[in-house]
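Peer 1: Contents are mmCIF, C-alpha atoms; file name data.cif:
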data_coords
#
loop_
_atom_site.label_atom_id
_atom_site.label_comp_id
_atom_site.auth_asym_id
_atom_site.auth_seq_id
_atom_site.Cartn_x
_atom_site.Cartn_y
_atom_site.Cartn_z
CA MET A 266 -38.38 22.99 -8.35
CA LYS A 267 -38.34 19.93 -10.66
CA TYR A 268 -35.71 21.59 -12.82
CA ILE A 269 -33.48 22.35 -9.85
CA ILE A 270 -33.58 18.72 -8.73
CA LEU A 271 -32.93 17.59 -12.30
CA VAL A 272 -29.90 19.91 -12.57
CA ILE A 273 -28.54 18.64 -9.23
CA LEU A 274 -28.93 15.03 -10.38
CA ILE A 275 -27.11 15.77 -13.64
CA PHE A 276 -24.20 17.40 -11.80
CA TYR A 277 -24.06 14.53 -9.30
CA THR A 278 -24.06 11.92 -12.07
CA PHE A 279 -21.38 13.81 -13.98
CA GLY A 280 -19.20 14.06 -10.86
CA TYR A 281 -19.63 10.34 -10.10
CA SER A 282 -18.71 9.31 -13.64
CA ASN A 283 -15.58 11.51 -13.48
CA GLU A 284 -14.56 9.84 -10.20
CA LEU A 285 -15.15 6.40 -11.71
CA GLU A 286 -13.03 7.28 -14.77
CA LYS A 287 -10.29 8.61 -12.48
CA ASN A 288 -10.18 5.35 -10.48
CA GLN A 289 -10.12 3.27 -13.67
CA LEU A 290 -7.25 5.43 -14.97
CA GLU A 291 -5.35 4.90 -11.69
CA ASN A 292 -5.85 1.12 -12.00
CA ALA A 293 -4.57 1.20 -15.60
CA GLN A 294 -1.53 3.26 -14.55
CA GLU A 295 -0.72 0.81 -11.72
CA ILE A 296 -0.87 -2.10 -14.17
CA LYS A 297 1.43 -0.28 -16.61
CA LYS A 298 3.89 0.48 -13.78
CA SER A 299 3.87 -3.16 -12.77
CA GLU A 300 4.43 -4.31 -16.36
CA SER A 301 7.28 -1.85 -16.92
CA SER A 302 8.99 -2.82 -13.65
CA GLN A 303 8.78 -6.47 -14.72
CA GLN A 304 10.37 -5.59 -18.05
CA ASN A 305 13.15 -3.74 -16.19
CA GLY A 306 14.10 -6.91 -14.34
CA GLN A 307 12.19 -6.24 -11.14
CA ASN A 308 10.06 -9.17 -10.10
CA HIS A 309 6.80 -7.81 -8.71
CA GLN A 310 3.76 -10.02 -8.88
CA GLN A 311 0.95 -8.44 -10.85
CA ILE A 312 -2.38 -8.78 -9.14
CA ASP A 313 -5.59 -8.41 -11.11
CA ILE A 314 -8.40 -7.21 -8.88
CA ASN A 315 -11.42 -5.81 -10.63
CA ASN A 316 -12.72 -3.28 -8.12
CA SER A 317 -13.44 -0.37 -10.39
CA PHE A 318 -14.70 1.92 -7.64
CA ILE A 319 -11.46 1.70 -5.64
CA THR A 320 -7.86 0.99 -6.60
CA LYS A 321 -5.98 -2.17 -5.64
CA ASN A 322 -3.94 -0.14 -3.20
CA GLU A 323 -7.04 1.35 -1.55
CA TYR A 324 -8.65 -2.09 -1.28
CA GLY A 325 -5.50 -3.61 0.23
CA LYS A 326 -5.13 -0.70 2.67
CA MET A 327 -8.73 -1.07 3.78
CA LEU A 328 -8.26 -4.79 4.39
CA TYR A 329 -4.87 -4.32 6.10
CA ASN A 330 -6.32 -1.78 8.53
CA ASN A 331 -9.53 -3.68 9.26
CA PRO A 332 -10.03 -7.05 7.53
CA ARG A 333 -12.66 -8.38 9.91
CA GLY A 334 -12.13 -7.00 13.37
CA ILE A 335 -8.56 -6.33 14.47
CA GLY A 336 -6.45 -4.93 11.64
CA CYS A 337 -3.06 -6.29 10.62
CA ASN A 338 -1.59 -2.90 11.55
CA ALA A 339 -2.47 -3.41 15.23
CA CYS A 340 0.30 -6.01 15.55
CA HIS A 341 2.49 -5.70 12.46
CA GLY A 342 2.53 -1.88 12.52
CA ASN A 343 1.51 0.68 9.92
CA ASP A 344 4.70 -0.10 7.98
CA ALA A 345 4.22 -3.92 8.17
CA ARG A 346 7.70 -4.33 9.64
CA GLY A 347 6.42 -5.92 12.86
CA LYS A 348 6.68 -4.76 16.44
CA LYS A 349 6.81 -5.90 20.03
CA ILE A 350 3.30 -6.42 21.34
CA VAL A 351 3.98 -7.23 24.99
CA ASP A 352 6.62 -8.38 27.49
CA PHE A 353 5.51 -10.77 30.21
CA LYS A 354 6.88 -13.14 32.86
CA GLN A 355 5.94 -16.77 33.18
CA GLU A 356 6.59 -18.83 36.29
CA THR A 357 6.75 -22.60 35.92
CA LYS A 358 5.72 -25.24 38.45
CA ASP A 359 9.30 -25.47 39.69
CA LYS A 360 9.25 -21.67 40.41
CA LYS A 361 11.58 -20.80 37.56
CA VAL A 362 10.71 -17.41 36.01
CA TYR A 363 10.98 -16.76 32.27
CA ASN A 364 10.96 -13.28 30.72
CA CYS A 365 8.99 -13.50 27.49
CA SER A 366 8.23 -11.14 24.62
CA LEU A 367 5.45 -11.44 22.09
CA VAL A 368 6.68 -9.92 18.81
CA ALA A 369 4.72 -9.69 15.57
CA PRO A 370 7.02 -10.50 12.64
CA ASN A 371 8.01 -8.30 9.71
CA ILE A 372 5.63 -9.16 6.86
CA LYS A 373 6.91 -6.57 4.39
CA ASP A 374 9.87 -8.59 3.15
CA ILE A 375 8.37 -12.06 2.70
CA ASP A 376 7.39 -13.72 -0.56
CA TYR A 377 3.75 -14.07 -1.58
CA GLN A 378 3.56 -17.85 -1.10
CA THR A 379 4.77 -17.64 2.51
CA PHE A 380 2.44 -14.71 3.21
CA SER A 381 -0.60 -16.45 1.74
CA THR A 382 0.11 -19.68 3.61
CA LYS A 383 0.59 -17.96 6.99
CA VAL A 384 -2.59 -15.87 6.72
CA ASN A 385 -5.04 -18.76 6.75
CA THR A 386 -3.01 -21.63 8.20
CA LYS A 387 -4.07 -23.23 11.45
CA LYS A 388 -1.49 -24.05 14.12
CA ASN A 389 -0.09 -27.56 14.31
CA PRO A 390 -1.48 -28.99 17.60
CA ASN A 391 1.28 -31.64 17.65
CA MET A 392 4.15 -29.12 17.57
CA LYS A 393 6.88 -30.16 20.03
CA PHE A 394 8.97 -27.82 22.19
CA GLU A 395 12.01 -28.37 24.37
CA LYS A 396 11.45 -28.04 28.13
CA GLU A 397 13.28 -24.68 28.27
CA GLN A 398 11.21 -23.21 25.41
CA VAL A 399 8.52 -22.04 27.82
CA CYS A 400 7.92 -18.66 26.14
CA GLU A 401 7.83 -20.09 22.63
CA LYS A 402 5.34 -22.77 23.64
CA LEU A 403 3.05 -20.30 25.42
CA ILE A 404 3.02 -17.89 22.48
CA TYR A 405 2.53 -20.67 19.92
CA ASN A 406 -0.36 -22.23 21.83
CA ALA A 407 -1.97 -18.85 22.49
CA ASN A 408 -2.83 -18.72 18.78
CA VAL A 409 -2.28 -14.96 18.70
CA MET A 410 -2.66 -14.56 14.93
CA PRO A 411 -6.39 -14.34 14.22
CA THR A 412 -7.96 -16.36 11.44
CA TYR A 413 -9.77 -14.01 9.07
CA PHE A 414 -11.04 -16.52 6.47
CA LEU A 415 -9.81 -14.29 3.66
CA VAL A 416 -10.37 -15.26 0.04
CA GLU A 417 -7.42 -15.26 -2.37
CA ASP A 418 -8.32 -11.84 -3.89
CA GLU A 419 -8.27 -10.28 -0.41
CA ILE A 420 -4.92 -11.88 0.45
CA GLU A 421 -3.49 -10.65 -2.86
CA ALA A 422 -4.79 -7.12 -2.23
CA ILE A 423 -3.26 -6.97 1.25
CA TYR A 424 0.05 -8.30 -0.08
CA TYR A 425 -0.01 -5.73 -2.91
CA TYR A 426 -0.62 -2.93 -0.39
CA ILE A 427 2.18 -4.13 1.91
CA GLN A 428 4.67 -4.43 -0.95
CA ASN A 429 3.88 -0.87 -2.05
CA LEU A 430 4.26 0.73 1.39
CA LYS A 431 7.04 3.26 1.46
#
Before anything else, please render the file you have as structure tokens.
Peer 2:
Amino acid sequence: MKYIILVILIFYTFGYSNELEKNQLENAQEIKKSESSQQNGQNHQQIDINNSFITKNEYGKMLYNNPRGIGCNACHGNDARGKKIVDFKQETKDKKVYNCSLVAPNIKDIDYQTFSTKVNTKKNPNMKFEKEQVCEKLIYNANVMPTYFLVEDEIEAIYYYIQNLK
């Protein structure tokens, strides 16, 4: 019985080490792709995340789908191109009715600096709106975008995943 358990442990360890080597190889290949695309004139930011048990893409996908509660995909879509979340009507004190739409923006085609800033930025409480901007003011003050308190490595991983979506 001891020998059977020992054999099982050896096979398990061997299988785990092969999986680890495979993931490390995938990470190395992604880095080489990024370097070669930079040499070919494409400007992709290289992100160095040392998560040897999962690839950068897997880590970013995991965070995009569920960073800490509601995933980015719930509002921005599985393709990160944004989508309409809801249509609603708002009636003002003077009985004027406004037809409003809450739309999550496309985050696939923005630069890293803008993306990083928007992820963890708080709303400006002193933002001013014109009287007829009822919908914009409601949506802005609703603070729809959750604050996830992501660290820079997590933001970079999500951005990497989004940029590599097909």
Peer 1: Record the distance separating CA of Asn322 in chain A and CA of Arg346 in chain A, expressed in Å with one decimal.
Peer 2: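 Interatomic distance, CA of Asn322 in chain A to CA of Arg346 in chain A: 17.8 Å.
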Peer 1: Name the residues captured by the PyMOL selection byres ((chain A and resi 347-349) around 6) when it is applied to the shown file; answer as a ChimeraX atom specification.
Peer 2: /A:341-342,345-346,350-351,368-371
Peer 1: Kindly export the residues of the current selection with C-alpha atoms, as a PDB file, in the coordinates of the input.
Peer 2:
ATOM      1  CA  HIS A 341       2.490  -5.700  12.460  1.00  0.00           C
ATOM      2  CA  GLY A 342       2.530  -1.880  12.520  1.00  0.00           C
ATOM      3  CA  ALA A 345       4.220  -3.920   8.170  1.00  0.00           C
ATOM      4  CA  ARG A 346       7.700  -4.330   9.640  1.00  0.00           C
ATOM      5  CA  ILE A 350       3.300  -6.420  21.340  1.00  0.00           C
ATOM      6  CA  VAL A 351       3.980  -7.230  24.990  1.00  0.00           C
ATOM      7  CA  VAL A 368       6.680  -9.920  18.810  1.00  0.00           C
ATOM      8  CA  ALA A 369       4.720  -9.690  15.570  1.00  0.00           C
ATOM      9  CA  PRO A 370       7.020 -10.500  12.640  1.00  0.00           C
ATOM     10  CA  ASN A 371       8.010  -8.300   9.710  1.00  0.00           C
TER      11      ASN A 371
END
Peer 1: What would the selection look like, as a short mmCIF file (atom, residue, chain, number, x, y, z; two decimals) with C-alpha atoms, in the coordinates of the input, if the PyMOL selection byres ((chain A and resi 423) around 8) were run on the coordinates I just shared?
Peer 2:
data_model
loop_
_atom_site.label_atom_id
_atom_site.label_comp_id
_atom_site.auth_asym_id
_atom_site.auth_seq_id
_atom_site.Cartn_x
_atom_site.Cartn_y
_atom_site.Cartn_z
CA TYR A 324 -8.65 -2.09 -1.28
CA GLY A 325 -5.50 -3.61 0.23
CA LYS A 326 -5.13 -0.70 2.67
CA LEU A 328 -8.26 -4.79 4.39
CA TYR A 329 -4.87 -4.32 6.10
CA GLU A 419 -8.27 -10.28 -0.41
CA ILE A 420 -4.92 -11.88 0.45
CA GLU A 421 -3.49 -10.65 -2.86
CA ALA A 422 -4.79 -7.12 -2.23
CA TYR A 424 0.05 -8.30 -0.08
CA TYR A 425 -0.01 -5.73 -2.91
CA TYR A 426 -0.62 -2.93 -0.39
CA ILE A 427 2.18 -4.13 1.91
#
Peer 1: If I take CA of Thr357 in chain A and CA of Val399 in chain A, how far is one from the other in Å, to one decimal?
Peer 2: 8.3 Å
Peer 1: Here is a test: counting only C-alpha atoms, which residue of A:Asp344, A:Phe414, A:Ala407, A:Lys361 is nearest to Lys431 in chain A?
Peer 2: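 Result for the nearest residue to Lys431 in chain A: A:Asp344.
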Peer 1: Could you give me the centre and size, in Å to one decimal, of an axis-aligned box around all listed atoms of range 345-357 of chain A with 4 Å added on every side, as AutoDock Vina command-line options?
Peer 2:
--center_x 5.5 --center_y -13.3 --center_z 22.2 --size_x 12.4 --size_y 26.7 --size_z 36.1
Peer 1: Go ahead and compute the interatomic distance for CA of Leu415 in chain A and CA of Met327 in chain A, in Å to one decimal.
Peer 2: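 Computed distance, CA of Leu415 in chain A to CA of Met327 in chain A, equals 13.3 Å.
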Peer 1: Smallest atom-to-atom distance to Gly336 in chain A: which of A:Thr412, A:Asn391, A:Gln428, A:Ser381, using all atoms listed in the file?
Peer 2: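 The answer is A:Thr412, which sits nearest to Gly336 in chain A.
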